[in-house]
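Undergrad: PDB, C-alpha atoms, file input_7.pdb:
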ATOM      1  CA  GLN A   1      56.763  90.620  86.393
ATOM      2  CA  VAL A   2      59.372  88.370  84.837
ATOM      3  CA  GLN A   3      62.514  89.842  83.353
ATOM      4  CA  LEU A   4      65.554  88.414  81.636
ATOM      5  CA  VAL A   5      68.754  90.025  82.878
ATOM      6  CA  GLU A   6      71.887  89.606  80.786
ATOM      7  CA  SER A   7      75.538  90.145  81.582
ATOM      8  CA  GLY A   8      78.960  89.403  80.196
ATOM      9  CA  GLY A   9      79.324  91.320  76.959
ATOM     10  CA  GLY A  10      82.298  93.474  76.112
ATOM     11  CA  LEU A  11      85.278  94.042  73.864
ATOM     12  CA  VAL A  12      87.629  91.177  73.061
ATOM     13  CA  GLN A  13      90.388  90.554  70.564
ATOM     14  CA  PRO A  14      89.980  88.006  67.776
ATOM     15  CA  GLY A  15      90.609  84.528  69.135
ATOM     16  CA  GLY A  16      89.516  85.533  72.604
ATOM     17  CA  SER A  17      86.658  84.326  74.762
ATOM     18  CA  LEU A  18      83.603  85.763  76.466
ATOM     19  CA  ARG A  19      80.871  84.257  78.578
ATOM     20  CA  LEU A  20      77.338  85.601  78.438
ATOM     21  CA  SER A  21      74.882  84.927  81.240
ATOM     22  CA  CYS A  22      71.132  85.381  81.470
ATOM     23  CA  ALA A  23      68.834  84.942  84.444
ATOM     24  CA  ALA A  24      65.054  85.037  84.612
ATOM     25  CA  SER A  25      63.945  87.026  87.615
ATOM     26  CA  GLY A  26      60.546  87.779  89.045
ATOM     27  CA  SER A  27      57.527  85.549  89.453
ATOM     28  CA  ARG A  28      57.926  81.828  89.375
ATOM     29  CA  ILE A  29      57.774  80.660  85.773
ATOM     30  CA  ARG A  30      58.302  77.557  83.736
ATOM     31  CA  ILE A  31      60.547  77.878  80.733
ATOM     32  CA  ASN A  32      60.615  75.527  77.779
ATOM     33  CA  VAL A  33      63.436  76.799  75.582
ATOM     34  CA  MET A  34      66.170  79.297  76.410
ATOM     35  CA  GLY A  35      68.461  80.706  73.804
ATOM     36  CA  TRP A  36      70.672  83.441  72.503
ATOM     37  CA  TYR A  37      70.080  85.541  69.414
ATOM     38  CA  ARG A  38      72.267  88.221  67.905
ATOM     39  CA  GLN A  39      71.818  91.170  65.638
ATOM     40  CA  ALA A  40      74.653  92.856  63.800
ATOM     41  CA  PRO A  41      74.293  96.336  62.278
ATOM     42  CA  GLY A  42      72.266  96.194  59.101
ATOM     43  CA  LYS A  43      71.387  92.540  59.553
ATOM     44  CA  GLU A  44      68.403  90.627  60.808
ATOM     45  CA  ARG A  45      68.345  89.066  64.235
ATOM     46  CA  GLU A  46      69.467  85.438  64.077
ATOM     47  CA  LEU A  47      69.357  82.515  66.432
ATOM     48  CA  VAL A  48      72.823  81.659  67.719
ATOM     49  CA  ALA A  49      72.072  78.764  70.051
ATOM     50  CA  SER A  50      69.218  77.344  72.072
ATOM     51  CA  VAL A  51      68.641  74.631  74.658
ATOM     52  CA  THR A  52      65.453  72.919  75.785
ATOM     53  CA  SER A  53      64.527  72.063  79.345
ATOM     54  CA  GLY A  54      65.510  68.495  78.497
ATOM     55  CA  GLY A  55      68.996  69.566  77.489
ATOM     56  CA  SER A  56      68.761  69.353  73.708
ATOM     57  CA  SER A  57      70.761  72.120  72.078
ATOM     58  CA  LEU A  58      71.252  73.483  68.619
ATOM     59  CA  TYR A  59      73.642  75.995  67.096
ATOM     60  CA  VAL A  60      73.845  78.081  63.982
ATOM     61  CA  ASP A  61      76.512  76.608  61.704
ATOM     62  CA  SER A  62      78.831  79.596  62.015
ATOM     63  CA  VAL A  63      79.383  79.039  65.762
ATOM     64  CA  LYS A  64      79.491  75.245  65.941
ATOM     65  CA  GLY A  65      82.607  74.048  67.710
ATOM     66  CA  ARG A  66      83.291  77.506  69.161
ATOM     67  CA  PHE A  67      80.245  78.346  71.280
ATOM     68  CA  THR A  68      78.659  76.264  74.027
ATOM     69  CA  ILE A  69      75.252  76.883  75.547
ATOM     70  CA  SER A  70      74.402  75.631  79.021
ATOM     71  CA  ARG A  71      71.393  75.915  81.250
ATOM     72  CA  ASP A  72      70.365  75.529  84.878
ATOM     73  CA  ASN A  73      66.666  74.672  84.958
ATOM     74  CA  ALA A  74      66.355  75.110  88.720
ATOM     75  CA  LYS A  75      67.723  78.645  88.555
ATOM     76  CA  ASN A  76      66.241  79.554  85.162
ATOM     77  CA  THR A  77      69.627  80.667  83.879
ATOM     78  CA  VAL A  78      71.380  80.168  80.577
ATOM     79  CA  ASN A  79      74.991  80.811  79.641
ATOM     80  CA  LEU A  80      76.794  81.097  76.347
ATOM     81  CA  GLN A  81      80.512  80.359  76.373
ATOM     82  CA  MET A  82      82.061  81.899  73.288
ATOM     83  CA  ASN A  83      85.574  80.843  72.304
ATOM     84  CA  SER A  84      87.737  81.600  69.290
ATOM     85  CA  LEU A  85      85.772  84.747  68.666
ATOM     86  CA  LYS A  86      85.878  86.335  65.241
ATOM     87  CA  PRO A  87      85.140  89.883  64.104
ATOM     88  CA  GLU A  88      81.996  88.589  62.412
ATOM     89  CA  ASP A  89      80.663  87.592  65.841
ATOM     90  CA  THR A  90      80.334  91.279  66.662
ATOM     91  CA  ALA A  91      76.690  92.016  67.433
ATOM     92  CA  VAL A  92      74.190  92.758  70.148
ATOM     93  CA  TYR A  93      73.323  89.467  71.814
ATOM     94  CA  TYR A  94      69.847  88.902  73.203
ATOM     95  CA  CYS A  95      68.669  86.285  75.648
ATOM     96  CA  ASN A  96      65.316  84.664  74.880
ATOM     97  CA  ALA A  97      63.003  82.413  76.853
ATOM     98  CA  VAL A  98      59.949  80.555  75.601
ATOM     99  CA  VAL A  99      57.676  80.168  78.596
ATOM    100  CA  ILE A 100      54.950  77.675  79.458
ATOM    101  CA  PRO A 101      52.063  77.786  78.632
ATOM    102  CA  GLY A 102      53.046  80.300  75.967
ATOM    103  CA  GLY A 103      54.845  83.501  75.217
ATOM    104  CA  SER A 104      58.361  84.732  74.688
ATOM    105  CA  LEU A 105      60.611  86.922  76.809
ATOM    106  CA  TRP A 106      63.587  88.975  75.662
ATOM    107  CA  GLY A 107      66.509  90.452  77.493
ATOM    108  CA  GLN A 108      67.697  93.995  76.946
ATOM    109  CA  GLY A 109      70.690  92.942  74.861
ATOM    110  CA  THR A 110      74.412  93.027  75.513
ATOM    111  CA  GLN A 111      77.062  94.248  73.087
ATOM    112  CA  VAL A 112      79.828  91.907  71.992
ATOM    113  CA  THR A 113      82.621  93.490  69.972
ATOM    114  CA  VAL A 114      85.469  91.453  68.541
ATOM    115  CA  SER A 115      88.232  93.708  67.330
ATOM    116  CA  SER A 116      91.970  94.167  67.529
TER     117      SER A 116
END
Could you render the structure as structure tokens?
TA:
Amino acid sequence: QVQLVESGGGLVQPGGSLRLSCAASGSRIRINVMGWYRQAPGKERELVASVTSGGSSLYVDSVKGRFTISRDNAKNTVNLQMNSLKPEDTAVYYCNAVVIPGGSLWGQGTQVTVSS
């Protein structure tokens, strides 16, 4: 059984940095797209950033220039480097993987809190 295991959340002051990591464990799988979503209290879950197996990435406008997504296809891992964090980045962050030939996996979520 394949699982996505996340790590790296926590509490940070505004302007600080955090790095989220996600690894797919279990049976050998092929993953098309890996990404990070977030959900703040009272809001819908939104895509933060994603990256294809070919290396094409996209970001939600609010994090462009501050967050960087990276991926290791051989290890089925994805990282999200978050710099210049703002209070509005506070949310539960979820790792997502779109697998081949089809289906979607979700991590358990990791809390990111940006507060002074």
Undergrad: Name every residue that the PyMOL selection byres ((chain A and resi 21-32) around 9) selects in this structure, writing the answer as JSON, numbers by chain with chains first and numbers rising.
TA: {"A": [1, 2, 3, 4, 5, 6, 7, 8, 9, 19, 20, 33, 34, 51, 52, 53, 54, 73, 75, 76, 77, 78, 79, 80, 81, 95, 96, 97, 98, 99, 100, 101, 107]}
Undergrad: Put those residues in a file: C-alpha atoms, as a CSV table (one decimal), in the coordinates of the input.
TA:
chain,number,residue,atom,x,y,z
A,1,GLN,CA,56.8,90.6,86.4
A,2,VAL,CA,59.4,88.4,84.8
A,3,GLN,CA,62.5,89.8,83.4
A,4,LEU,CA,65.6,88.4,81.6
A,5,VAL,CA,68.8,90.0,82.9
A,6,GLU,CA,71.9,89.6,80.8
A,7,SER,CA,75.5,90.1,81.6
A,8,GLY,CA,79.0,89.4,80.2
A,9,GLY,CA,79.3,91.3,77.0
A,19,ARG,CA,80.9,84.3,78.6
A,20,LEU,CA,77.3,85.6,78.4
A,33,VAL,CA,63.4,76.8,75.6
A,34,MET,CA,66.2,79.3,76.4
A,51,VAL,CA,68.6,74.6,74.7
A,52,THR,CA,65.5,72.9,75.8
A,53,SER,CA,64.5,72.1,79.3
A,54,GLY,CA,65.5,68.5,78.5
A,73,ASN,CA,66.7,74.7,85.0
A,75,LYS,CA,67.7,78.6,88.6
A,76,ASN,CA,66.2,79.6,85.2
A,77,THR,CA,69.6,80.7,83.9
A,78,VAL,CA,71.4,80.2,80.6
A,79,ASN,CA,75.0,80.8,79.6
A,80,LEU,CA,76.8,81.1,76.3
A,81,GLN,CA,80.5,80.4,76.4
A,95,CYS,CA,68.7,86.3,75.6
A,96,ASN,CA,65.3,84.7,74.9
A,97,ALA,CA,63.0,82.4,76.9
A,98,VAL,CA,59.9,80.6,75.6
A,99,VAL,CA,57.7,80.2,78.6
A,100,ILE,CA,55.0,77.7,79.5
A,101,PRO,CA,52.1,77.8,78.6
A,107,GLY,CA,66.5,90.5,77.5
Undergrad: From the options A:Leu18, A:Lys64, A:Val12, A:Trp106, which residue's atoms come nearest to Trp36 of chain A, counting all atoms listed in the file?
TA: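 Among the listed residues, A:Trp106 lies closest to Trp36 of chain A.
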Undergrad: Which neighbours of Ser57 of chain A fall inside 9 Å, counting only C-alpha atoms, when residues of the same chain fewer than 6 positions from it are skipped, and could you give them as a list in words?
TA: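 Using only C-alpha atoms, the neighbours found are Ala49, Ser50, Val51, Ile69 and Ser70 of chain A.
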Undergrad: What gap, in Å, lies between atom CA of Tyr93 of chain A and atom CA of Gln13 of chain A?
TA: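 Atom-to-atom, atom CA of Tyr93 of chain A and atom CA of Gln13 of chain A are spaced 17.1 Å apart.
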Undergrad: What separation in Å, quoted to one decimal, exists between atom CA of Thr90 of chain A and atom CA of Pro41 of chain A?
TA: 9.0 Å
Undergrad: For the atom pair atom CA of Val112 of chain A and atom CA of Leu85 of chain A, what is the interatomic distance in Å to one decimal place?
TA: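 Between these atoms lies a distance of 9.9 Å.
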Undergrad: With distances taken over only C-alpha atoms, which of A:Ala91, A:Asp72, A:Gln108, A:Leu58 is nearest to Glu44 of chain A?
TA: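 The closest residue to Glu44 of chain A is A:Ala91.
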Undergrad: For Arg71 of chain A, which of A:Ser115, A:Thr110, A:Ser56, A:Ser104 is the closest residue, counting all atoms listed in the file?
TA: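 Closest residue, counting all atoms listed in the file: A:Ser56.
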Undergrad: Using all atoms of segment 14-18 of chain A that appear in the file, construct an axis-aligned enclosing box with 3 Å of padding on every side and provide its centre coordinates and edge lengths in Å, rounded to one decimal, as JSON.
TA:
{"center_x": 87.1, "center_y": 86.2, "center_z": 72.1, "size_x": 13.0, "size_y": 9.7, "size_z": 14.7}
Undergrad: Closest to Val60 of chain A among A:Gly35, A:Gly42, A:Pro87, A:Gly16, using only C-alpha atoms?
TA: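 Ranked by minimum distance to Val60 of chain A, first place goes to A:Gly35.
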Undergrad: Out of A:Tyr94, A:Ser17, A:Asp61, A:Gln111, which residue has the shortest atom-to-atom distance to Arg38 of chain A when counting all atoms listed in the file?
TA: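 Answer, going by the shortest atom-to-atom distance: A:Tyr94.
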